[in-house]
Each structure stands twice: as C-alpha cells, then as structure tokens.
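Okay, structure37.cif is below, mmCIF, N, CA and C atoms:
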data_run
#
loop_
_atom_site.label_atom_id
_atom_site.label_comp_id
_atom_site.auth_asym_id
_atom_site.auth_seq_id
_atom_site.Cartn_x
_atom_site.Cartn_y
_atom_site.Cartn_z
N MET A 42 -11.54 22.46 35.54
CA MET A 42 -12.74 23.00 34.92
C MET A 42 -12.49 24.50 34.67
N ASN A 43 -12.76 24.97 33.44
CA ASN A 43 -12.54 26.38 33.12
C ASN A 43 -13.69 27.23 33.65
N ASN A 44 -13.50 28.57 33.57
CA ASN A 44 -14.50 29.49 34.13
C ASN A 44 -15.86 29.36 33.47
N VAL A 45 -15.88 29.15 32.16
CA VAL A 45 -17.16 29.02 31.46
C VAL A 45 -17.91 27.79 31.96
N SER A 46 -17.20 26.69 32.16
CA SER A 46 -17.83 25.47 32.67
C SER A 46 -18.38 25.67 34.07
N VAL A 47 -17.66 26.43 34.88
CA VAL A 47 -18.13 26.71 36.25
C VAL A 47 -19.43 27.49 36.20
N TYR A 48 -19.50 28.49 35.33
CA TYR A 48 -20.73 29.28 35.20
C TYR A 48 -21.88 28.43 34.66
N ILE A 49 -21.60 27.60 33.69
CA ILE A 49 -22.63 26.72 33.14
C ILE A 49 -23.12 25.75 34.21
N LEU A 50 -22.19 25.20 35.00
CA LEU A 50 -22.55 24.28 36.08
C LEU A 50 -23.45 24.96 37.09
N TRP A 51 -23.09 26.16 37.52
CA TRP A 51 -23.92 26.87 38.49
C TRP A 51 -25.28 27.24 37.90
N ALA A 52 -25.30 27.64 36.64
CA ALA A 52 -26.58 27.97 36.00
C ALA A 52 -27.48 26.73 35.95
N ALA A 53 -26.91 25.59 35.57
CA ALA A 53 -27.70 24.35 35.51
C ALA A 53 -28.19 23.96 36.90
N ARG A 54 -27.32 24.10 37.91
CA ARG A 54 -27.74 23.80 39.29
C ARG A 54 -28.91 24.67 39.71
N LEU A 55 -28.77 25.98 39.46
CA LEU A 55 -29.81 26.91 39.89
C LEU A 55 -31.12 26.69 39.15
N VAL A 56 -31.05 26.48 37.84
CA VAL A 56 -32.28 26.25 37.07
C VAL A 56 -33.01 25.02 37.60
N ALA A 57 -32.28 23.91 37.75
CA ALA A 57 -32.92 22.68 38.23
C ALA A 57 -33.49 22.87 39.63
N ALA A 58 -32.70 23.44 40.53
CA ALA A 58 -33.15 23.59 41.92
C ALA A 58 -34.34 24.55 42.04
N ILE A 59 -34.29 25.66 41.32
CA ILE A 59 -35.39 26.63 41.41
C ILE A 59 -36.69 26.03 40.90
N ILE A 60 -36.64 25.34 39.77
CA ILE A 60 -37.87 24.74 39.24
C ILE A 60 -38.38 23.66 40.19
N LEU A 61 -37.48 22.81 40.67
CA LEU A 61 -37.90 21.76 41.61
C LEU A 61 -38.51 22.35 42.88
N LEU A 62 -37.90 23.40 43.40
CA LEU A 62 -38.40 24.01 44.64
C LEU A 62 -39.72 24.74 44.44
N GLN A 63 -39.88 25.41 43.30
CA GLN A 63 -41.13 26.15 43.11
C GLN A 63 -42.32 25.23 42.90
N THR A 64 -42.10 24.03 42.42
CA THR A 64 -43.23 23.11 42.23
C THR A 64 -43.72 22.53 43.56
N LEU A 65 -42.92 22.66 44.61
CA LEU A 65 -43.31 22.11 45.92
C LEU A 65 -44.56 22.79 46.47
N TYR A 66 -44.72 24.07 46.17
CA TYR A 66 -45.92 24.78 46.60
C TYR A 66 -47.18 24.06 46.09
N PHE A 67 -47.14 23.64 44.84
CA PHE A 67 -48.29 22.99 44.22
C PHE A 67 -48.50 21.59 44.78
N LYS A 68 -47.40 20.87 45.00
CA LYS A 68 -47.51 19.50 45.51
C LYS A 68 -47.94 19.49 46.98
N PHE A 69 -47.23 20.22 47.81
CA PHE A 69 -47.54 20.21 49.25
C PHE A 69 -48.80 21.00 49.58
N GLY A 70 -49.16 21.94 48.73
CA GLY A 70 -50.37 22.72 48.94
C GLY A 70 -51.61 22.07 48.35
N ALA A 71 -51.47 20.89 47.79
CA ALA A 71 -52.59 20.14 47.19
C ALA A 71 -53.35 20.99 46.19
N GLN A 72 -52.60 21.71 45.35
CA GLN A 72 -53.23 22.53 44.32
C GLN A 72 -53.93 21.61 43.31
N ALA A 73 -54.98 22.13 42.71
CA ALA A 73 -55.86 21.33 41.85
C ALA A 73 -55.09 20.61 40.74
N GLU A 74 -54.14 21.28 40.10
CA GLU A 74 -53.39 20.67 39.01
C GLU A 74 -52.60 19.46 39.50
N SER A 75 -51.92 19.59 40.65
CA SER A 75 -51.15 18.47 41.20
C SER A 75 -52.06 17.32 41.61
N VAL A 76 -53.15 17.64 42.27
CA VAL A 76 -54.09 16.59 42.69
C VAL A 76 -54.63 15.87 41.45
N TYR A 77 -54.96 16.60 40.41
CA TYR A 77 -55.46 16.01 39.17
C TYR A 77 -54.43 15.03 38.58
N ILE A 78 -53.18 15.48 38.49
CA ILE A 78 -52.12 14.67 37.89
C ILE A 78 -51.94 13.36 38.65
N PHE A 79 -51.80 13.46 39.95
CA PHE A 79 -51.52 12.26 40.73
C PHE A 79 -52.75 11.37 40.88
N ALA A 80 -53.94 11.95 40.83
CA ALA A 80 -55.16 11.13 40.83
C ALA A 80 -55.25 10.36 39.51
N LYS A 81 -54.92 11.00 38.41
CA LYS A 81 -54.95 10.33 37.11
C LYS A 81 -53.92 9.20 37.06
N LEU A 82 -52.81 9.37 37.77
CA LEU A 82 -51.79 8.32 37.84
C LEU A 82 -52.16 7.24 38.87
N GLY A 83 -53.18 7.51 39.68
CA GLY A 83 -53.63 6.54 40.67
C GLY A 83 -52.79 6.50 41.93
N VAL A 84 -52.10 7.59 42.23
CA VAL A 84 -51.22 7.60 43.41
C VAL A 84 -51.43 8.84 44.28
N GLU A 85 -52.63 9.39 44.24
CA GLU A 85 -52.96 10.57 45.05
C GLU A 85 -53.42 10.12 46.42
N PRO A 86 -52.98 10.62 47.53
CA PRO A 86 -52.08 11.75 47.73
C PRO A 86 -50.62 11.36 47.94
N TRP A 87 -50.37 10.07 48.19
CA TRP A 87 -49.02 9.67 48.61
C TRP A 87 -47.98 9.83 47.51
N GLY A 88 -48.36 9.64 46.27
CA GLY A 88 -47.43 9.86 45.18
C GLY A 88 -47.04 11.32 45.06
N ARG A 89 -48.02 12.19 45.25
CA ARG A 89 -47.78 13.64 45.20
C ARG A 89 -46.86 14.08 46.33
N ILE A 90 -47.16 13.65 47.53
CA ILE A 90 -46.35 14.02 48.69
C ILE A 90 -44.96 13.39 48.61
N GLY A 91 -44.91 12.11 48.25
CA GLY A 91 -43.63 11.42 48.14
C GLY A 91 -42.73 12.03 47.09
N SER A 92 -43.30 12.34 45.92
CA SER A 92 -42.47 12.94 44.87
C SER A 92 -42.02 14.34 45.29
N GLY A 93 -42.86 15.04 46.03
CA GLY A 93 -42.46 16.35 46.55
C GLY A 93 -41.28 16.25 47.49
N ILE A 94 -41.29 15.25 48.36
CA ILE A 94 -40.18 15.05 49.30
C ILE A 94 -38.90 14.71 48.53
N VAL A 95 -39.01 13.82 47.55
CA VAL A 95 -37.83 13.44 46.75
C VAL A 95 -37.31 14.65 45.98
N GLU A 96 -38.20 15.46 45.42
CA GLU A 96 -37.77 16.65 44.69
C GLU A 96 -37.13 17.68 45.61
N LEU A 97 -37.61 17.81 46.83
CA LEU A 97 -36.99 18.70 47.80
C LEU A 97 -35.58 18.24 48.12
N ILE A 98 -35.41 16.96 48.38
CA ILE A 98 -34.08 16.41 48.66
C ILE A 98 -33.16 16.62 47.46
N ALA A 99 -33.65 16.34 46.27
CA ALA A 99 -32.84 16.51 45.06
C ALA A 99 -32.40 17.96 44.91
N ALA A 100 -33.32 18.90 45.09
CA ALA A 100 -32.99 20.32 44.93
C ALA A 100 -31.93 20.76 45.93
N LEU A 101 -32.06 20.33 47.17
CA LEU A 101 -31.07 20.70 48.19
C LEU A 101 -29.71 20.10 47.87
N LEU A 102 -29.68 18.84 47.46
CA LEU A 102 -28.41 18.20 47.10
C LEU A 102 -27.77 18.85 45.88
N ILE A 103 -28.58 19.28 44.92
CA ILE A 103 -28.06 19.95 43.72
C ILE A 103 -27.35 21.25 44.09
N LEU A 104 -27.85 21.96 45.07
CA LEU A 104 -27.27 23.25 45.44
C LEU A 104 -25.95 23.13 46.19
N ILE A 105 -25.65 21.97 46.75
CA ILE A 105 -24.39 21.76 47.48
C ILE A 105 -23.37 21.21 46.49
N PRO A 106 -22.28 21.94 46.23
CA PRO A 106 -21.32 21.50 45.20
C PRO A 106 -20.85 20.05 45.35
N ARG A 107 -20.57 19.62 46.55
CA ARG A 107 -20.05 18.27 46.76
C ARG A 107 -21.08 17.18 46.46
N THR A 108 -22.36 17.50 46.63
CA THR A 108 -23.41 16.50 46.42
C THR A 108 -24.30 16.79 45.22
N SER A 109 -23.91 17.78 44.42
CA SER A 109 -24.78 18.17 43.30
C SER A 109 -25.00 17.03 42.32
N TRP A 110 -24.02 16.16 42.16
CA TRP A 110 -24.20 15.04 41.23
C TRP A 110 -25.23 14.04 41.76
N ILE A 111 -25.29 13.88 43.06
CA ILE A 111 -26.29 12.98 43.64
C ILE A 111 -27.69 13.57 43.43
N GLY A 112 -27.83 14.85 43.73
CA GLY A 112 -29.11 15.52 43.51
C GLY A 112 -29.52 15.51 42.05
N ALA A 113 -28.54 15.71 41.16
CA ALA A 113 -28.85 15.70 39.72
C ALA A 113 -29.29 14.32 39.27
N GLY A 114 -28.66 13.29 39.78
CA GLY A 114 -29.08 11.93 39.44
C GLY A 114 -30.48 11.64 39.94
N LEU A 115 -30.75 12.06 41.17
CA LEU A 115 -32.08 11.89 41.75
C LEU A 115 -33.11 12.71 40.97
N GLY A 116 -32.78 13.96 40.68
CA GLY A 116 -33.68 14.83 39.93
C GLY A 116 -33.94 14.30 38.53
N LEU A 117 -32.90 13.79 37.88
CA LEU A 117 -33.07 13.23 36.54
C LEU A 117 -34.00 12.02 36.59
N GLY A 118 -33.83 11.17 37.59
CA GLY A 118 -34.70 10.00 37.72
C GLY A 118 -36.16 10.40 37.89
N VAL A 119 -36.42 11.38 38.74
CA VAL A 119 -37.80 11.84 38.95
C VAL A 119 -38.36 12.45 37.68
N MET A 120 -37.53 13.25 37.00
CA MET A 120 -38.02 13.90 35.77
C MET A 120 -38.25 12.90 34.64
N LEU A 121 -37.43 11.87 34.55
CA LEU A 121 -37.67 10.84 33.55
C LEU A 121 -39.00 10.14 33.81
N GLY A 122 -39.32 9.92 35.09
CA GLY A 122 -40.62 9.36 35.44
C GLY A 122 -41.76 10.30 35.07
N ALA A 123 -41.58 11.60 35.32
CA ALA A 123 -42.61 12.58 34.99
C ALA A 123 -42.79 12.69 33.48
N ILE A 124 -41.68 12.73 32.75
CA ILE A 124 -41.75 12.81 31.29
C ILE A 124 -42.43 11.56 30.73
N GLY A 125 -42.07 10.41 31.28
CA GLY A 125 -42.70 9.16 30.85
C GLY A 125 -44.19 9.16 31.12
N ALA A 126 -44.60 9.70 32.27
CA ALA A 126 -46.03 9.78 32.60
C ALA A 126 -46.76 10.70 31.63
N HIS A 127 -46.11 11.80 31.28
CA HIS A 127 -46.73 12.71 30.30
C HIS A 127 -46.90 12.02 28.94
N LEU A 128 -45.89 11.27 28.54
CA LEU A 128 -45.93 10.65 27.22
C LEU A 128 -46.85 9.44 27.14
N THR A 129 -47.15 8.82 28.28
CA THR A 129 -47.95 7.60 28.24
C THR A 129 -49.36 7.74 28.82
N ILE A 130 -49.51 8.46 29.90
CA ILE A 130 -50.79 8.49 30.61
C ILE A 130 -51.43 9.89 30.61
N LEU A 131 -50.64 10.89 30.94
CA LEU A 131 -51.19 12.23 31.17
C LEU A 131 -51.41 13.04 29.90
N GLY A 132 -50.53 12.86 28.94
CA GLY A 132 -50.54 13.74 27.78
C GLY A 132 -49.64 14.94 28.04
N ILE A 133 -49.34 15.67 27.00
CA ILE A 133 -48.44 16.83 27.12
C ILE A 133 -49.16 18.00 27.78
N ASP A 134 -50.38 18.26 27.39
CA ASP A 134 -51.16 19.38 27.91
C ASP A 134 -51.96 18.91 29.13
N ILE A 135 -51.72 19.56 30.25
CA ILE A 135 -52.44 19.24 31.49
C ILE A 135 -53.40 20.38 31.82
N LEU A 136 -54.67 20.09 31.80
CA LEU A 136 -55.70 21.07 32.14
C LEU A 136 -55.50 22.40 31.41
N GLY A 137 -55.13 22.31 30.14
CA GLY A 137 -55.00 23.51 29.32
C GLY A 137 -53.74 24.33 29.56
N ASP A 138 -52.69 23.71 30.09
CA ASP A 138 -51.46 24.48 30.37
C ASP A 138 -50.56 24.63 29.14
N GLY A 139 -50.96 24.06 28.01
CA GLY A 139 -50.18 24.18 26.79
C GLY A 139 -48.85 23.43 26.82
N GLY A 140 -48.73 22.47 27.72
CA GLY A 140 -47.49 21.70 27.83
C GLY A 140 -46.46 22.32 28.75
N TYR A 141 -46.85 23.33 29.51
CA TYR A 141 -45.93 24.05 30.40
C TYR A 141 -45.22 23.12 31.38
N LEU A 142 -45.99 22.27 32.05
CA LEU A 142 -45.38 21.35 33.02
C LEU A 142 -44.44 20.36 32.33
N PHE A 143 -44.81 19.91 31.16
CA PHE A 143 -43.96 18.99 30.39
C PHE A 143 -42.64 19.67 30.04
N VAL A 144 -42.70 20.91 29.58
CA VAL A 144 -41.49 21.65 29.23
C VAL A 144 -40.62 21.87 30.47
N LEU A 145 -41.23 22.19 31.60
CA LEU A 145 -40.45 22.34 32.84
C LEU A 145 -39.72 21.04 33.18
N GLY A 146 -40.40 19.92 33.00
CA GLY A 146 -39.76 18.63 33.24
C GLY A 146 -38.57 18.40 32.32
N LEU A 147 -38.71 18.77 31.06
CA LEU A 147 -37.60 18.64 30.12
C LEU A 147 -36.43 19.55 30.50
N ILE A 148 -36.74 20.78 30.93
CA ILE A 148 -35.69 21.72 31.33
C ILE A 148 -34.94 21.20 32.55
N VAL A 149 -35.66 20.68 33.54
CA VAL A 149 -35.00 20.13 34.73
C VAL A 149 -34.15 18.92 34.35
N ALA A 150 -34.70 18.04 33.52
CA ALA A 150 -33.94 16.86 33.09
C ALA A 150 -32.66 17.27 32.37
N LEU A 151 -32.75 18.21 31.45
CA LEU A 151 -31.57 18.68 30.73
C LEU A 151 -30.56 19.33 31.67
N SER A 152 -31.05 20.13 32.60
CA SER A 152 -30.16 20.76 33.58
C SER A 152 -29.44 19.70 34.42
N CYS A 153 -30.15 18.66 34.81
CA CYS A 153 -29.53 17.58 35.59
C CYS A 153 -28.48 16.84 34.76
N VAL A 154 -28.75 16.63 33.48
CA VAL A 154 -27.76 15.98 32.60
C VAL A 154 -26.50 16.84 32.52
N VAL A 155 -26.66 18.15 32.40
CA VAL A 155 -25.51 19.07 32.35
C VAL A 155 -24.72 18.97 33.64
N VAL A 156 -25.40 18.98 34.79
CA VAL A 156 -24.71 18.87 36.08
C VAL A 156 -23.97 17.54 36.15
N LEU A 157 -24.61 16.47 35.75
CA LEU A 157 -23.95 15.15 35.79
C LEU A 157 -22.73 15.12 34.87
N TYR A 158 -22.84 15.71 33.70
CA TYR A 158 -21.71 15.72 32.77
C TYR A 158 -20.55 16.54 33.33
N LEU A 159 -20.85 17.71 33.86
CA LEU A 159 -19.78 18.60 34.35
C LEU A 159 -19.19 18.16 35.68
N THR A 160 -19.87 17.27 36.40
CA THR A 160 -19.33 16.76 37.67
C THR A 160 -18.88 15.31 37.55
N ARG A 161 -18.71 14.83 36.33
CA ARG A 161 -18.39 13.41 36.13
C ARG A 161 -17.10 13.00 36.83
N GLN A 162 -16.17 13.91 37.04
CA GLN A 162 -14.92 13.56 37.74
C GLN A 162 -15.20 13.21 39.21
N GLN A 163 -16.33 13.64 39.75
CA GLN A 163 -16.69 13.31 41.13
C GLN A 163 -17.35 11.94 41.23
N TRP A 164 -18.24 11.61 40.31
CA TRP A 164 -19.04 10.40 40.45
C TRP A 164 -18.56 9.24 39.60
N LEU A 165 -17.85 9.51 38.52
CA LEU A 165 -17.44 8.43 37.63
C LEU A 165 -16.54 7.39 38.31
N PRO A 166 -15.55 7.82 39.12
CA PRO A 166 -14.74 6.81 39.80
C PRO A 166 -15.56 5.95 40.77
N ILE A 167 -16.54 6.54 41.41
CA ILE A 167 -17.38 5.79 42.36
C ILE A 167 -18.22 4.76 41.62
N VAL A 168 -18.87 5.20 40.55
CA VAL A 168 -19.72 4.29 39.78
C VAL A 168 -18.88 3.21 39.12
N SER A 169 -17.72 3.59 38.57
CA SER A 169 -16.84 2.60 37.94
C SER A 169 -16.39 1.55 38.95
N GLY A 170 -16.05 2.01 40.17
CA GLY A 170 -15.64 1.08 41.21
C GLY A 170 -16.75 0.12 41.60
N LEU A 171 -17.97 0.65 41.69
CA LEU A 171 -19.10 -0.21 42.04
C LEU A 171 -19.40 -1.22 40.95
N LEU A 172 -19.29 -0.78 39.71
CA LEU A 172 -19.59 -1.68 38.59
C LEU A 172 -18.51 -2.75 38.38
N SER A 173 -17.28 -2.43 38.76
CA SER A 173 -16.20 -3.39 38.55
C SER A 173 -15.98 -4.31 39.74
N ALA A 174 -16.64 -4.04 40.85
CA ALA A 174 -16.49 -4.88 42.03
C ALA A 174 -17.05 -6.27 41.74
N GLN A 175 -16.26 -7.27 42.04
CA GLN A 175 -16.66 -8.65 41.81
C GLN A 175 -17.40 -9.18 43.04
N PRO A 176 -18.55 -9.78 42.84
CA PRO A 176 -19.26 -10.35 43.99
C PRO A 176 -18.50 -11.57 44.53
N VAL A 177 -18.58 -11.72 45.83
CA VAL A 177 -17.94 -12.87 46.46
C VAL A 177 -18.94 -14.02 46.46
N LEU A 178 -18.56 -15.12 45.85
CA LEU A 178 -19.43 -16.28 45.79
C LEU A 178 -19.33 -17.07 47.08
N LYS A 179 -20.37 -17.78 47.39
CA LYS A 179 -20.41 -18.57 48.61
C LYS A 179 -19.22 -19.53 48.71
N SER A 180 -18.86 -20.13 47.60
CA SER A 180 -17.75 -21.11 47.60
C SER A 180 -16.39 -20.43 47.77
N GLU A 181 -16.31 -19.11 47.57
CA GLU A 181 -15.03 -18.41 47.68
C GLU A 181 -14.79 -17.86 49.08
N ARG A 182 -15.80 -17.88 49.92
CA ARG A 182 -15.65 -17.35 51.28
C ARG A 182 -14.76 -18.27 52.12
N VAL A 183 -14.00 -17.64 52.99
CA VAL A 183 -13.12 -18.40 53.86
C VAL A 183 -13.91 -18.75 55.12
N ASN A 184 -13.89 -20.04 55.48
CA ASN A 184 -14.58 -20.47 56.69
C ASN A 184 -13.76 -20.07 57.90
N GLU A 185 -14.44 -19.55 58.89
CA GLU A 185 -13.73 -19.15 60.10
C GLU A 185 -13.91 -20.15 61.19
#

Rewritten as structure tokens:
Amino acid sequence: MNNVSVYILWAARLVAAIILLQTLYFKFGAQAESVYIFAKLGVEPWGRIGSGIVELIAALLILIPRTSWIGAGLGLGVMLGAIGAHLTILGIDILGDGGYLFVLGLIVALSCVVVLYLTRQQWLPIVSGLLSAQPVLKSERVNE
C-alpha cells in the first residue's frame, strides 16, 4: 500500500469512528431526536440502545488497524439499515434537521466502503475461504 493509500485509509477510519462515536451521546443520553427516530421505527428504547452498542463496537474495531475491516463491515451494515430506514419510514429530514443525519449516515457508509476496499488483502482471503468451503453431507461422514 502506498503512502497516499495509507493516509486515505486513516482518514476514512477516523471519519467513520468519530461520527459513530459522537452519535453515542444522543443514543445513550436518550436525546429527543434519537428517541423520536427509534419510536417511529417501533424499537424504542432497545433499538436505540442496541444500535448504540453495535456502533460503539464498530467504531473501536475501525480504529484498530488489524480489525478495522471488521468494524467497517459492521459499521456499513448498521449504516445501510439507517439509510434504508430514512428512505422507507423516517424520511430524509428528521425534525427539521435538513437531512443532516441522513448525510452523516452516507458519509459513514462511504468511509466504511473505503476502509473495506483498502483492507481487502486482510479480509478477502478469509471470506473467499469461507465461501469456497464445501459442507460435509451426512452421507459423507465417516462412522466411528
């Protein structure tokens, strides 16, 4: 990986982690906007608290070079869910925020995609191995 890629990787890691971590104040503090969102989704308070825990884990994993791809995958999954909720149930504008939360979700998702792309040499062999593993059928097992 060249120096420019290293800087881009660290920038993407930091952007994703900082945004994920700063939203925890709103989720764990039961701020009105977060409570509104998760109530509208029908999962308040456990959805709010649970997503906050997952986002905390994702942010911490993103910051550790060896596990950043795991955190990015987790973060991307959460953000795809958030983006989907905005597009289907919540709408882009939440309580007059002008789409700010939606844009933050897009930025985190894009940052996670960049991290996944730049760390593909770490996770691609693992995923390829899992996908190519052949299941053992009952008839193929050796009786002991």

Check stretch 62-118 of chain A with DSSP on the backbone and list each residue it calls alpha helix (DSSP H), as a ChimeraX atom specification. /A:62-63,65-69,73-81,87-104,109-118

Residue nearest A:Glu74 - candidates A:Tyr48, A:Trp87, A:Leu121, A:Leu136, atoms counted: only C-alpha atoms: A:Leu136

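Using all atoms listed in the file, the nearest neighbour of A:Gly112 within the list A:Ala73, A:Ile60, A:Val144, A:Cys153 is A:Cys153.
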
If you apply the PyMOL selection byres (((chain A and resi 111 and name CA) around 12) and name CA) to this file, what residues do you get, as JSON, numbers by chain? {"A": [54, 95, 98, 99, 100, 101, 102, 103, 104, 105, 106, 107, 108, 109, 110, 112, 113, 114, 115, 116, 117, 118, 153, 154, 156, 157, 160, 161, 163, 164, 165, 167, 168]}

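Nearest to A:Ile135 of all the residues A:Leu159, A:Leu97, A:Ile78, A:Met120 is A:Ile78, counting all atoms listed in the file.
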
For this structure, which residues satisfy the selection - the PyMOL selection byres (((chain A and resi 126 and name CA) around 12) and name CA) - when it is evaluated on the file as given? I want them as a list in words.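 Taken on the displayed file, the PyMOL selection byres (((chain A and resi 126 and name CA) around 12) and name CA) yields the residues Ile78, Phe79, Lys81, Leu82, Gly83, Val119, Met120, Leu121, Gly122, Ala123, Ile124, Gly125, His127, Leu128, Thr129, Ile130, Leu131, Gly132, Ile133, Asp134, Ile135, Leu142, Phe143 and Gly146 of chain A.
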
Figure out the distance between atom CA of A:Glu85 and atom CA of A:Phe69, please, to one decimal in Å.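 These two atoms are separated by 11.8 Å.
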
Å distance separating atom CA of A:Ala58 from atom C of A:Ile148, one decimal place: 9.8 Å

Atom N of A:Val149 to atom N of A:Leu55, straight-line distance in Å: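 Computing it gives 10.5 Å between the two atoms.
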
Between A:Ile59, A:Val47, A:Ala174, A:Ala53, which one has atoms that come closest to A:Ser152, using all atoms listed in the file?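 Ranked by minimum distance to A:Ser152, first place goes to A:Ala53.
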
Axis-aligned box over every listed atom of stretch 128-135 of chain A, padded by 6 Å per side: centre and edges in Å to one decimal, as AutoDock Vina command-line options?
--center_x -49.6 --center_y 14.0 --center_z 29.4 --size_x 19.5 --size_y 24.8 --size_z 16.8
